[in-house]
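With mmCIF, C-alpha atoms inside, this is coords.cif:
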data_data
#
loop_
_atom_site.label_atom_id
_atom_site.label_comp_id
_atom_site.auth_asym_id
_atom_site.auth_seq_id
_atom_site.Cartn_x
_atom_site.Cartn_y
_atom_site.Cartn_z
CA MET A 1 0.00 0.00 0.00
CA LYS A 2 1.54 3.29 -1.06
CA TYR A 3 -0.47 5.42 1.38
CA GLU A 4 0.47 5.84 5.02
CA VAL A 5 -1.84 4.22 7.56
CA ILE A 6 -2.48 6.58 10.49
CA GLU A 7 -2.99 5.01 13.92
CA GLU A 8 -4.60 7.05 16.70
CA ASP A 9 -7.09 6.47 19.52
CA GLY A 10 -7.62 2.85 18.50
CA PHE A 11 -8.42 3.71 14.85
CA LYS A 12 -6.36 2.87 11.76
CA TYR A 13 -7.09 4.76 8.58
CA ILE A 14 -5.76 6.48 5.48
CA GLN A 15 -6.45 10.18 4.99
CA GLU A 16 -5.64 12.08 1.80
CA GLY A 17 -6.73 15.37 0.24
CA GLU A 18 -9.00 18.22 1.35
CA GLY A 19 -12.64 19.16 0.78
CA GLU A 20 -15.93 17.33 1.18
CA THR A 21 -15.34 13.98 2.90
CA LEU A 22 -15.57 10.62 1.16
CA VAL A 23 -15.37 7.56 3.44
CA LEU A 24 -14.40 4.37 1.61
CA LEU A 25 -15.38 1.04 3.20
CA HIS A 26 -13.59 -2.15 2.15
CA GLY A 27 -15.04 -5.65 1.91
CA LEU A 28 -14.55 -8.80 3.96
CA MET A 29 -11.45 -9.99 2.10
CA GLY A 30 -10.69 -6.54 0.73
CA GLU A 31 -7.32 -4.90 1.13
CA LEU A 32 -7.00 -1.13 1.40
CA SER A 33 -5.00 -1.26 -1.83
CA ASN A 34 -8.28 -2.17 -3.60
CA TRP A 35 -9.17 1.51 -3.24
CA GLU A 36 -5.86 2.92 -4.51
CA PRO A 37 -7.15 4.02 -7.95
CA ALA A 38 -10.08 5.81 -6.26
CA ILE A 39 -7.83 7.50 -3.70
CA ASP A 40 -5.43 8.59 -6.46
CA HIS A 41 -8.30 10.14 -8.40
CA PHE A 42 -10.46 11.73 -5.70
CA LYS A 43 -7.81 13.10 -3.33
CA LYS A 44 -7.34 15.99 -5.79
CA ASN A 45 -10.78 17.43 -4.97
CA TYR A 46 -11.98 15.71 -1.79
CA ARG A 47 -10.84 14.55 1.61
CA VAL A 48 -10.66 10.77 1.27
CA LEU A 49 -10.78 8.63 4.43
CA VAL A 50 -10.34 4.85 4.37
CA PRO A 51 -10.83 3.30 7.83
CA ILE A 52 -9.57 -0.23 8.38
CA LEU A 53 -12.58 -2.20 9.58
CA PRO A 54 -11.56 -4.09 12.77
CA ILE A 55 -12.56 -7.51 11.41
CA TYR A 56 -9.70 -9.21 13.26
CA ASP A 57 -9.82 -7.06 16.41
CA LEU A 58 -13.40 -6.85 17.68
CA PRO A 59 -14.55 -9.46 20.23
CA LEU A 60 -15.68 -12.54 18.31
CA LEU A 61 -18.97 -12.80 20.23
CA THR A 62 -20.10 -9.37 19.05
CA LEU A 63 -18.53 -9.45 15.57
CA GLY A 64 -21.07 -8.65 12.85
CA VAL A 65 -22.28 -5.97 10.46
CA LYS A 66 -23.91 -4.09 13.37
CA SER A 67 -20.70 -3.94 15.43
CA LEU A 68 -18.79 -2.69 12.36
CA SER A 69 -21.51 -0.05 11.84
CA LYS A 70 -21.02 1.07 15.46
CA TYR A 71 -17.29 1.26 14.81
CA ILE A 72 -17.92 3.63 11.85
CA HIS A 73 -20.16 5.71 14.14
CA ARG A 74 -17.35 6.01 16.69
CA PHE A 75 -14.84 6.80 13.95
CA LEU A 76 -16.92 9.63 12.45
CA LYS A 77 -17.53 11.11 15.90
CA PHE A 78 -13.79 10.86 16.65
CA LYS A 79 -13.05 12.72 13.37
CA LYS A 80 -15.88 15.21 14.17
CA LEU A 81 -17.52 14.47 10.84
CA SER A 82 -21.09 14.56 9.60
CA GLN A 83 -22.65 14.73 6.14
CA VAL A 84 -20.04 12.45 4.60
CA VAL A 85 -20.39 10.43 1.41
CA LEU A 86 -20.09 6.72 2.30
CA ILE A 87 -18.75 4.49 -0.47
CA GLY A 88 -18.77 0.74 0.20
CA ASN A 89 -17.78 -2.39 -1.69
CA SER A 90 -19.20 -5.81 -0.79
CA LEU A 91 -19.35 -6.12 3.04
CA GLY A 92 -18.32 -2.44 3.23
CA GLY A 93 -21.49 -1.50 1.36
CA HIS A 94 -23.55 -3.57 3.79
CA VAL A 95 -21.91 -1.81 6.77
CA GLY A 96 -22.64 1.51 5.06
CA LEU A 97 -26.32 0.55 4.68
CA VAL A 98 -26.67 -0.53 8.32
CA PHE A 99 -24.98 2.68 9.48
CA THR A 100 -27.08 4.89 7.21
CA ALA A 101 -30.33 3.23 8.28
CA ALA A 102 -29.45 4.01 11.91
CA HIS A 103 -27.70 7.39 11.49
CA GLN A 104 -28.92 9.02 8.29
CA GLU A 105 -28.07 12.46 9.71
CA PHE A 106 -24.35 11.60 9.32
CA VAL A 107 -24.57 10.69 5.64
CA LYS A 108 -25.08 13.06 2.72
CA ALA A 109 -25.07 10.29 0.12
CA LEU A 110 -24.28 6.60 -0.24
CA VAL A 111 -22.47 4.70 -3.01
CA LEU A 112 -22.76 0.91 -3.21
CA THR A 113 -20.68 -1.30 -5.48
CA GLY A 114 -21.12 -5.07 -5.31
CA SER A 115 -22.76 -4.58 -1.92
CA SER A 116 -24.10 -7.35 0.25
CA GLY A 117 -27.26 -6.69 2.24
CA LEU A 118 -29.81 -8.53 0.11
CA TYR A 119 -28.02 -11.58 -1.25
CA GLU A 120 -24.46 -12.69 -1.90
CA ASN A 121 -22.84 -15.84 -3.27
CA ALA A 122 -19.60 -15.59 -1.30
CA PHE A 123 -16.68 -17.56 -2.74
CA GLY A 124 -18.93 -19.14 -5.33
CA GLY A 125 -20.85 -21.11 -2.73
CA SER A 126 -17.96 -22.65 -0.79
CA PHE A 127 -15.26 -21.31 1.47
CA PRO A 128 -11.68 -21.66 0.14
CA ARG A 129 -10.00 -24.79 1.45
CA ARG A 130 -6.96 -24.35 3.61
CA GLY A 131 -3.66 -25.50 2.22
CA SER A 132 -4.54 -25.35 -1.49
CA ARG A 133 -3.22 -22.17 -3.09
CA ASP A 134 -4.57 -23.19 -6.52
CA TYR A 135 -8.06 -23.52 -5.07
CA VAL A 136 -7.77 -20.13 -3.38
CA LYS A 137 -6.53 -18.62 -6.65
CA GLU A 138 -9.57 -20.04 -8.47
CA LYS A 139 -11.92 -18.54 -5.87
CA VAL A 140 -10.22 -15.12 -5.96
CA GLU A 141 -10.41 -15.15 -9.77
CA TYR A 142 -14.17 -15.85 -9.43
CA THR A 143 -14.47 -12.34 -7.94
CA PHE A 144 -13.49 -10.72 -11.24
CA TYR A 145 -14.57 -10.76 -14.88
CA ASP A 146 -10.93 -10.86 -15.98
CA PRO A 147 -9.04 -13.51 -13.96
CA ALA A 148 -5.79 -11.56 -14.49
CA THR A 149 -7.11 -9.00 -11.96
CA ALA A 150 -6.42 -11.65 -9.30
CA THR A 151 -2.72 -10.83 -8.97
CA ASP A 152 -0.29 -13.13 -7.15
CA GLU A 153 -0.10 -10.53 -4.38
CA LEU A 154 -3.89 -10.57 -3.91
CA VAL A 155 -4.05 -14.39 -4.00
CA ASP A 156 -1.21 -14.60 -1.45
CA GLU A 157 -3.07 -12.25 0.91
CA VAL A 158 -6.28 -14.30 0.77
CA PHE A 159 -4.29 -17.55 1.05
CA LYS A 160 -2.66 -16.20 4.21
CA SER A 161 -6.07 -15.34 5.68
CA VAL A 162 -7.69 -18.71 4.98
CA ASN A 163 -4.73 -20.52 6.53
CA ASP A 164 -4.99 -18.53 9.75
CA ARG A 165 -7.55 -20.34 11.91
CA SER A 166 -8.54 -17.29 13.99
CA ARG A 167 -9.02 -15.22 10.83
CA VAL A 168 -11.15 -17.94 9.20
CA ILE A 169 -13.42 -18.11 12.26
CA ARG A 170 -13.92 -14.33 12.09
CA ILE A 171 -14.47 -14.27 8.32
CA LEU A 172 -17.12 -17.00 8.60
CA ALA A 173 -18.80 -15.26 11.55
CA LEU A 174 -19.02 -12.03 9.55
CA ALA A 175 -20.24 -13.80 6.42
CA LYS A 176 -23.02 -15.45 8.46
CA SER A 177 -23.88 -12.12 10.09
CA ALA A 178 -24.18 -10.51 6.65
CA ILE A 179 -26.50 -13.26 5.40
CA ARG A 180 -28.68 -12.99 8.54
CA HIS A 181 -28.89 -9.21 8.39
CA ASN A 182 -31.05 -8.82 5.29
CA MET A 183 -31.79 -5.13 4.64
CA SER A 184 -34.84 -5.43 2.39
CA LYS A 185 -37.34 -4.13 4.97
CA GLU A 186 -35.11 -1.20 6.01
CA LEU A 187 -34.11 0.23 2.63
CA SER A 188 -37.26 2.32 2.12
CA ARG A 189 -36.19 4.45 5.12
CA ILE A 190 -32.96 5.49 3.38
CA THR A 191 -34.05 8.61 1.53
CA ILE A 192 -30.66 10.24 0.80
CA PRO A 193 -29.22 9.94 -2.75
CA VAL A 194 -27.74 6.50 -3.46
CA SER A 195 -25.60 5.57 -6.46
CA LEU A 196 -25.37 1.88 -7.36
CA ILE A 197 -22.29 1.14 -9.50
CA TRP A 198 -22.35 -2.51 -10.51
CA GLY A 199 -20.34 -4.93 -12.59
CA LYS A 200 -22.56 -6.57 -15.21
CA GLN A 201 -20.70 -9.85 -14.69
CA ASP A 202 -20.69 -9.79 -10.87
CA LYS A 203 -21.14 -13.42 -9.80
CA ILE A 204 -21.08 -12.76 -6.04
CA THR A 205 -23.79 -10.08 -5.87
CA PRO A 206 -25.33 -10.66 -9.32
CA PRO A 207 -27.03 -7.95 -11.42
CA ASP A 208 -30.52 -8.83 -10.14
CA VAL A 209 -29.29 -7.82 -6.66
CA ALA A 210 -28.46 -4.36 -8.01
CA VAL A 211 -31.89 -4.14 -9.65
CA GLU A 212 -33.57 -5.06 -6.34
CA PHE A 213 -31.52 -2.45 -4.46
CA HIS A 214 -32.58 0.11 -7.08
CA GLU A 215 -36.25 -0.80 -6.64
CA LEU A 216 -36.12 -0.71 -2.82
CA LEU A 217 -34.02 2.44 -2.35
CA PRO A 218 -36.35 5.39 -3.07
CA ASN A 219 -33.68 7.88 -4.19
CA SER A 220 -31.27 5.68 -6.14
CA GLU A 221 -29.62 5.51 -9.53
CA LEU A 222 -28.18 2.36 -11.14
CA ASN A 223 -25.04 2.40 -13.31
CA TRP A 224 -23.64 -0.67 -15.08
CA ILE A 225 -20.01 -1.41 -15.92
CA ASP A 226 -19.55 -4.06 -18.61
CA LYS A 227 -16.83 -6.74 -18.51
CA CYS A 228 -16.63 -6.25 -14.77
CA GLY A 229 -17.12 -8.45 -11.71
CA HIS A 230 -17.56 -7.83 -7.98
CA ALA A 231 -15.00 -5.03 -7.44
CA PRO A 232 -15.50 -2.32 -10.10
CA MET A 233 -13.18 0.16 -8.36
CA MET A 234 -10.34 -2.35 -8.88
CA GLU A 235 -11.22 -3.96 -12.18
CA ARG A 236 -12.63 -0.95 -14.07
CA PRO A 237 -11.35 2.07 -12.10
CA THR A 238 -11.70 4.57 -14.95
CA GLU A 239 -15.40 3.79 -15.48
CA PHE A 240 -16.06 3.54 -11.74
CA ASN A 241 -14.41 6.90 -11.04
CA ALA A 242 -16.31 8.54 -13.91
CA TYR A 243 -19.71 7.39 -12.57
CA LEU A 244 -18.73 8.48 -9.07
CA ASP A 245 -17.50 11.88 -10.32
CA THR A 246 -20.82 12.52 -12.08
CA PHE A 247 -22.80 11.52 -8.99
CA LEU A 248 -20.69 13.65 -6.63
CA ASN A 249 -20.91 16.66 -8.92
CA ARG A 250 -24.69 16.35 -8.94
CA ILE A 251 -25.32 15.76 -5.24
CA LEU A 252 -22.68 18.13 -3.92
CA LEU A 253 -23.68 20.86 -6.42
CA LYS A 254 -20.12 21.55 -7.52
#
Go ahead and render the structure in this file as structure tokens.
Amino acid sequence: MKYEVIEEDGFKYIQEGEGETLVLLHGLMGELSNWEPAIDHFKKNYRVLVPILPIYDLPLLTLGVKSLSKYIHRFLKFKKLSQVVLIGNSLGGHVGLVFTAAHQEFVKALVLTGSSGLYENAFGGSFPRRGSRDYVKEKVEYTFYDPATATDELVDEVFKSVNDRSRVIRILALAKSAIRHNMSKELSRITIPVSLIWGKQDKITPPDVAVEFHELLPNSELNWIDKCGHAPMMERPTEFNAYLDTFLNRILLK
């Protein structure tokens, strides 16, 4: 990761740029580096914050999307922030939804890309087996339209996680929490602007999930990126950043 991680008061985060605040939320197996193209682009005109979600630090008994939402609440209060734009991928989108449903006064707008919260097909239906790097590589490639996006570095990081027993327990606990915490009945209460930016070939949160989000969120727009899987900000950063730029320009009246 080329950006410095700041550690203070129990929080770890990246902070770049000045202006209106964008808070980027990573997914369950997501590295902060997944957001590098977005940070590079948006730090020129915005303050970009990327908190590290404490997936491996929170007490296991309370670990879930709600406890991560509470962590974001504490983080924003610590930074004395309100009216931020929350941008979440996968589990990060789900955490953003839970937080927004509970604390809409903190959020000016929400951006979801490959978000869980309605349905997800994590790891193609099975959790990566420990010990088999080839199997892990196949499952990481499943995340993307173009398998080449699954770099050796990314595969190695996931392989390390699935071979760490304590990490696996936490990842599975969070995945189960995400499946249990279906947002369908809560989405109508989220009335702020929401931009859905979705890969047309997303196999983990397929296109019909995006369509359902669009139908249930009263103030939403839906943007498709072709030849793109579950992480548009990584796989198609130019298109992702362009959609996000247009949305931000509209809602922030720049």
(message) Using the chain letters and numbers from this file, what does the PyMOL selection byres ((chain A and resi 19) around 8) select? Give the answer as a VMD selection string.
(response) chain A and resid 17 to 18 20 to 21 45 to 47
(request) Select, from A:Lys200, A:His73, A:Lys139, A:Lys160, the residue with the minimum atom-to-atom distance to Val107 of chain A, counting only C-alpha atoms. (result)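 Nearest candidate to Val107 of chain A out of A:Lys200, A:His73, A:Lys139, A:Lys160: A:His73.
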(request) Could you state which residues are captured by the PyMOL selection byres ((chain A and resi 116) around 6) in this file, as a list in words? (result) Ser90, Leu91, His94, Ser115, Gly117, Leu118, Tyr119 and Glu120 of chain A
(request) Could you check how far atom CA of Val48 of chain A sits from atom CA of Arg236 of chain A, in Å to one decimal? (result) 19.4 Å
(message) List the spatial neighbours of segment 175-187 of chain A as number ranges by chain - criterion: any atom at most 7 Å away, all atoms listed in the file, same-chain residues fewer than 5 positions off excluded.
(response) A: 64-65, 101, 117-118, 216-217
(message) Give me, as a VMD selection string, all polymer residues having an atom no more than 12 Å from Ala242 of chain A, counting all atoms listed in the file and skipping those fewer than 2 positions away in the same chain.
(response) chain A and resid 37 to 38 41 to 42 197 223 to 225 232 to 233 236 to 240 244 to 249
(request) Give the answer as one residue: which of A:Ala150, A:Ile72, A:Met29, A:Ala210 has the shortest atom-to-atom distance to Tyr56 of chain A, using only C-alpha atoms? (result)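 Among the listed residues, A:Met29 lies closest to Tyr56 of chain A.
Atom CA of Ser166 of chain A is positioned 9.6 Å from atom CA of Leu60 of chain A.
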Just segment 6-28 of chain A, please, as a PDB file, in the first residue's frame (only N, CA and C atoms).
ATOM      1  N   ILE A   6      -2.549   5.814   9.240  1.00  0.00           N
ATOM      2  CA  ILE A   6      -2.478   6.581  10.488  1.00  0.00           C
ATOM      3  C   ILE A   6      -3.091   5.741  11.600  1.00  0.00           C
ATOM      4  N   GLU A   7      -2.451   5.713  12.762  1.00  0.00           N
ATOM      5  CA  GLU A   7      -2.991   5.010  13.922  1.00  0.00           C
ATOM      6  C   GLU A   7      -3.138   5.994  15.067  1.00  0.00           C
ATOM      7  N   GLU A   8      -4.375   6.192  15.531  1.00  0.00           N
ATOM      8  CA  GLU A   8      -4.602   7.053  16.701  1.00  0.00           C
ATOM      9  C   GLU A   8      -5.920   6.691  17.365  1.00  0.00           C
ATOM     10  N   ASP A   9      -5.901   6.729  18.702  1.00  0.00           N
ATOM     11  CA  ASP A   9      -7.088   6.467  19.519  1.00  0.00           C
ATOM     12  C   ASP A   9      -7.798   5.155  19.165  1.00  0.00           C
ATOM     13  N   GLY A  10      -7.026   4.150  18.809  1.00  0.00           N
ATOM     14  CA  GLY A  10      -7.621   2.849  18.497  1.00  0.00           C
ATOM     15  C   GLY A  10      -8.148   2.722  17.079  1.00  0.00           C
ATOM     16  N   PHE A  11      -7.972   3.749  16.249  1.00  0.00           N
ATOM     17  CA  PHE A  11      -8.418   3.708  14.852  1.00  0.00           C
ATOM     18  C   PHE A  11      -7.205   3.620  13.925  1.00  0.00           C
ATOM     19  N   LYS A  12      -7.380   2.915  12.812  1.00  0.00           N
ATOM     20  CA  LYS A  12      -6.361   2.871  11.757  1.00  0.00           C
ATOM     21  C   LYS A  12      -7.045   3.309  10.470  1.00  0.00           C
ATOM     22  N   TYR A  13      -6.433   4.255   9.784  1.00  0.00           N
ATOM     23  CA  TYR A  13      -7.091   4.762   8.578  1.00  0.00           C
ATOM     24  C   TYR A  13      -6.089   5.486   7.679  1.00  0.00           C
ATOM     25  N   ILE A  14      -6.498   5.645   6.443  1.00  0.00           N
ATOM     26  CA  ILE A  14      -5.764   6.481   5.481  1.00  0.00           C
ATOM     27  C   ILE A  14      -6.531   7.777   5.336  1.00  0.00           C
ATOM     28  N   GLN A  15      -5.815   8.882   5.224  1.00  0.00           N
ATOM     29  CA  GLN A  15      -6.454  10.183   4.988  1.00  0.00           C
ATOM     30  C   GLN A  15      -5.641  10.946   3.955  1.00  0.00           C
ATOM     31  N   GLU A  16      -6.298  11.342   2.880  1.00  0.00           N
ATOM     32  CA  GLU A  16      -5.638  12.081   1.798  1.00  0.00           C
ATOM     33  C   GLU A  16      -6.559  13.175   1.286  1.00  0.00           C
ATOM     34  N   GLY A  17      -5.976  14.317   0.903  1.00  0.00           N
ATOM     35  CA  GLY A  17      -6.728  15.374   0.244  1.00  0.00           C
ATOM     36  C   GLY A  17      -7.522  16.252   1.194  1.00  0.00           C
ATOM     37  N   GLU A  18      -8.187  17.248   0.606  1.00  0.00           N
ATOM     38  CA  GLU A  18      -8.998  18.217   1.349  1.00  0.00           C
ATOM     39  C   GLU A  18     -10.317  18.422   0.628  1.00  0.00           C
ATOM     40  N   GLY A  19     -11.335  18.854   1.385  1.00  0.00           N
ATOM     41  CA  GLY A  19     -12.638  19.163   0.782  1.00  0.00           C
ATOM     42  C   GLY A  19     -13.741  18.347   1.426  1.00  0.00           C
ATOM     43  N   GLU A  20     -14.840  18.184   0.698  1.00  0.00           N
ATOM     44  CA  GLU A  20     -15.933  17.330   1.180  1.00  0.00           C
ATOM     45  C   GLU A  20     -15.378  15.929   1.449  1.00  0.00           C
ATOM     46  N   THR A  21     -15.926  15.246   2.449  1.00  0.00           N
ATOM     47  CA  THR A  21     -15.337  13.981   2.901  1.00  0.00           C
ATOM     48  C   THR A  21     -15.997  12.776   2.256  1.00  0.00           C
ATOM     49  N   LEU A  22     -15.152  11.921   1.660  1.00  0.00           N
ATOM     50  CA  LEU A  22     -15.572  10.615   1.156  1.00  0.00           C
ATOM     51  C   LEU A  22     -14.993   9.560   2.089  1.00  0.00           C
ATOM     52  N   VAL A  23     -15.830   8.642   2.568  1.00  0.00           N
ATOM     53  CA  VAL A  23     -15.370   7.563   3.440  1.00  0.00           C
ATOM     54  C   VAL A  23     -15.526   6.250   2.674  1.00  0.00           C
ATOM     55  N   LEU A  24     -14.402   5.598   2.402  1.00  0.00           N
ATOM     56  CA  LEU A  24     -14.396   4.372   1.608  1.00  0.00           C
ATOM     57  C   LEU A  24     -14.351   3.158   2.538  1.00  0.00           C
ATOM     58  N   LEU A  25     -15.267   2.215   2.331  1.00  0.00           N
ATOM     59  CA  LEU A  25     -15.381   1.040   3.199  1.00  0.00           C
ATOM     60  C   LEU A  25     -15.060  -0.229   2.406  1.00  0.00           C
ATOM     61  N   HIS A  26     -14.049  -0.955   2.873  1.00  0.00           N
ATOM     62  CA  HIS A  26     -13.592  -2.149   2.154  1.00  0.00           C
ATOM     63  C   HIS A  26     -14.447  -3.364   2.500  1.00  0.00           C
ATOM     64  N   GLY A  27     -14.274  -4.429   1.716  1.00  0.00           N
ATOM     65  CA  GLY A  27     -15.043  -5.653   1.909  1.00  0.00           C
ATOM     66  C   GLY A  27     -14.387  -6.620   2.875  1.00  0.00           C
ATOM     67  N   LEU A  28     -14.976  -7.808   2.986  1.00  0.00           N
ATOM     68  CA  LEU A  28     -14.545  -8.799   3.961  1.00  0.00           C
ATOM     69  C   LEU A  28     -13.122  -9.271   3.698  1.00  0.00           C
TER      70      LEU A  28
END
